[in-house]
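Enquirer: Take a look at the following structure, please.
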Amino acid sequence: MTVSDEEKLDVLRRLDQFRQWQSLDQKRYCLVCGEMITGRDVQVIETAPSEEPLRLACPTEHCQAMPIEWVLPTDDVLIKIAMVEAERGWFRLVQQAGRAIQSCQRRSKGSKISRRRSKPTRG
Ligand SMILES: [Zn+2]
C-alpha cells in the first residue's frame with residue numbers, strides 16, 4: 001500500500017514503540033536479515049481489520065522482522081556488523097580452501113598411485 005511520507009512517519013512512530021523516529025531518513029539495522037534500512041524503505045502492510053490494521057515490514061525479501069528487531073546503528077551495532085562481515089569473509093576463505101582441498105583429493109584419487117602397503121607390524 002502506498003502512504004505519504006507524513007503518514008508513513010506517523011505509522012512508524014505509532015507501531016515502533018521501541019525507538020524514536022525523527023524522520024524517514026533515519027537508519028535502522030535489521031537484526032534478522034542483517035541489512036541497513038531506512039524509514040523510507042520500511043513497508044507498510046495493510047492487514048485484516050483488527051485493532052491495528054497496519055503492519056510494518058522489513059523491505060528485505062522474505063524477512064519477517066518486526067520493528068523490535070530494528071536497532072539503531074550505534075557504534076556497538078556497527079562493530080557487530082563489521083565482525084559479521086569479517087566472519088563472512090573468513091567463511092568464504094574456508095569454503096575456498098575446502099574446494100581447493102577437494103579438487104586436490106579428486107586429482108590424487110584420479111592418479112593411479114595406490115597406497116597399498118603391508119599392514120604395519122606392531123611391537
Ligand atoms: Zn530484515
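Residues are named by chain letter and number: chains run A, B, ... in the order of the C-alpha cells, numbers start at 1 in each chain, and ligands are numbered from 1 in the order shown.
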Using only C-alpha atoms and all ligand atoms, which protein or nucleic acid residues are at most 7 Å from ligand 1, as a list in words?
Expert: Cys30, Leu31, Val32, Cys33, Gly34, Glu35, Cys58, Pro59, Thr60, Cys63, Gln64 and Ala65 of chain A
Enquirer: What are the closest atom pairs, with distances in Å to one decimal, for all residues of range 43-81 of chain A lying within 10 Å of range 6-11 of chain A? Consider only C-alpha atoms, order rows by chain and residue number, and present the result as a tab-separated table.
Expert:
```
residue	atom	partner	partner_atom	distance
A:Gln43	CA	A:Lys8	CA	8.9
A:Val44	CA	A:Lys8	CA	7.4
A:Leu54	CA	A:Val11	CA	7.9
A:Arg55	CA	A:Val11	CA	8.6
A:Leu56	CA	A:Val11	CA	8.2
```
Enquirer: What residues in chain A get the DSSP label alpha helix (DSSP H)? Please answer as a VMD selection string.
Expert: chain A and resid 5 to 15 75 to 110
Enquirer: How many Å separate CA of Thr2 in chain A from CA of Ile45 in chain A?
Expert: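 Taking CA of Thr2 in chain A as the start and CA of Ile45 in chain A as the end point, the length is 9.0 Å.
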Enquirer: For Gln22 in chain A, please output as a compact mmCIF listing (two decimals) with C-alpha atoms, in the first residue's frame all residues within 10 Å (counting only C-alpha atoms; exclusion window: fewer than 5 positions along the same chain).
Expert:
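Dumped everything to selection19.txt:
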```txt
# COMPACT_ATOMS: atom_id res chain seq x y z
CA LEU A 9 6.41 8.52 9.60
CA LEU A 12 6.42 4.25 12.14
CA ARG A 13 6.10 6.30 15.30
CA GLY A 39 12.25 4.53 7.37
```
Enquirer: Can you list, as an MDAnalysis selection string, every residue of range 6-94 of chain A that DSSP puts in strand (DSSP E)?
Expert: chainID A and resid 27:30 36:38 43:46 54:57 70:71
Enquirer: Atoms to include: N, CA and C atoms. Write the selected residues as a PDB file, in the first residue's frame.
Expert:
```pdb
ATOM      1  N   LYS A  27      18.209   5.663   9.868  1.00  0.00           N
ATOM      2  CA  LYS A  27      18.592   4.297   9.541  1.00  0.00           C
ATOM      3  C   LYS A  27      18.363   3.355  10.711  1.00  0.00           C
ATOM      4  N   ARG A  28      18.046   2.145  10.357  1.00  0.00           N
ATOM      5  CA  ARG A  28      17.914   1.076  11.347  1.00  0.00           C
ATOM      6  C   ARG A  28      18.661  -0.134  10.810  1.00  0.00           C
ATOM      7  N   TYR A  29      19.164  -0.922  11.733  1.00  0.00           N
ATOM      8  CA  TYR A  29      19.826  -2.149  11.329  1.00  0.00           C
ATOM      9  C   TYR A  29      18.906  -3.304  11.674  1.00  0.00           C
ATOM     10  N   CYS A  30      18.550  -4.097  10.651  1.00  0.00           N
ATOM     11  CA  CYS A  30      17.651  -5.223  10.882  1.00  0.00           C
ATOM     12  C   CYS A  30      18.463  -6.422  11.376  1.00  0.00           C
ATOM     13  N   MET A  36      20.886  -2.824   6.428  1.00  0.00           N
ATOM     14  CA  MET A  36      20.635  -1.480   6.919  1.00  0.00           C
ATOM     15  C   MET A  36      19.428  -0.939   6.154  1.00  0.00           C
ATOM     16  N   ILE A  37      18.429  -0.496   6.888  1.00  0.00           N
ATOM     17  CA  ILE A  37      17.227   0.002   6.229  1.00  0.00           C
ATOM     18  C   ILE A  37      16.925   1.412   6.723  1.00  0.00           C
ATOM     19  N   THR A  38      16.154   2.153   5.949  1.00  0.00           N
ATOM     20  CA  THR A  38      15.717   3.474   6.386  1.00  0.00           C
ATOM     21  C   THR A  38      14.202   3.443   6.535  1.00  0.00           C
ATOM     22  N   GLN A  43       8.253  -1.160   4.766  1.00  0.00           N
ATOM     23  CA  GLN A  43       6.993  -1.353   4.070  1.00  0.00           C
ATOM     24  C   GLN A  43       5.830  -1.311   5.048  1.00  0.00           C
ATOM     25  N   VAL A  44       4.795  -0.608   4.629  1.00  0.00           N
ATOM     26  CA  VAL A  44       3.581  -0.549   5.418  1.00  0.00           C
ATOM     27  C   VAL A  44       2.590  -1.510   4.773  1.00  0.00           C
ATOM     28  N   ILE A  45       2.156  -2.470   5.554  1.00  0.00           N
ATOM     29  CA  ILE A  45       1.263  -3.503   5.022  1.00  0.00           C
ATOM     30  C   ILE A  45      -0.091  -3.404   5.706  1.00  0.00           C
ATOM     31  N   GLU A  46      -1.116  -3.501   4.888  1.00  0.00           N
ATOM     32  CA  GLU A  46      -2.469  -3.487   5.403  1.00  0.00           C
ATOM     33  C   GLU A  46      -2.847  -4.904   5.807  1.00  0.00           C
ATOM     34  N   LEU A  54      -2.610  -1.788  10.390  1.00  0.00           N
ATOM     35  CA  LEU A  54      -1.372  -1.653   9.632  1.00  0.00           C
ATOM     36  C   LEU A  54      -0.232  -2.405  10.314  1.00  0.00           C
ATOM     37  N   ARG A  55       0.677  -2.843   9.481  1.00  0.00           N
ATOM     38  CA  ARG A  55       1.808  -3.583   9.996  1.00  0.00           C
ATOM     39  C   ARG A  55       3.062  -3.060   9.298  1.00  0.00           C
ATOM     40  N   LEU A  56       4.153  -3.038  10.021  1.00  0.00           N
ATOM     41  CA  LEU A  56       5.405  -2.613   9.411  1.00  0.00           C
ATOM     42  C   LEU A  56       6.211  -3.854   9.042  1.00  0.00           C
ATOM     43  N   ALA A  57       6.818  -3.810   7.886  1.00  0.00           N
ATOM     44  CA  ALA A  57       7.616  -4.959   7.459  1.00  0.00           C
ATOM     45  C   ALA A  57       8.959  -4.508   6.934  1.00  0.00           C
ATOM     46  N   TRP A  70      14.546  -4.009  14.754  1.00  0.00           N
ATOM     47  CA  TRP A  70      15.306  -2.974  14.048  1.00  0.00           C
ATOM     48  C   TRP A  70      16.008  -2.113  15.078  1.00  0.00           C
ATOM     49  N   VAL A  71      17.286  -2.228  15.139  1.00  0.00           N
ATOM     50  CA  VAL A  71      18.033  -1.483  16.152  1.00  0.00           C
ATOM     51  C   VAL A  71      18.721  -0.271  15.540  1.00  0.00           C
TER      52      VAL A  71
END
```
Enquirer: So what do you get for CA of Asp5 in chain A versus CA of Val42 in chain A, distance-wise?
Expert: 11.2 Å
Enquirer: CA of Pro53 in chain A to CA of Leu72 in chain A: how many Å, to one decimal?
Expert: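 CA of Leu72 in chain A lies 25.5 Å from CA of Pro53 in chain A.
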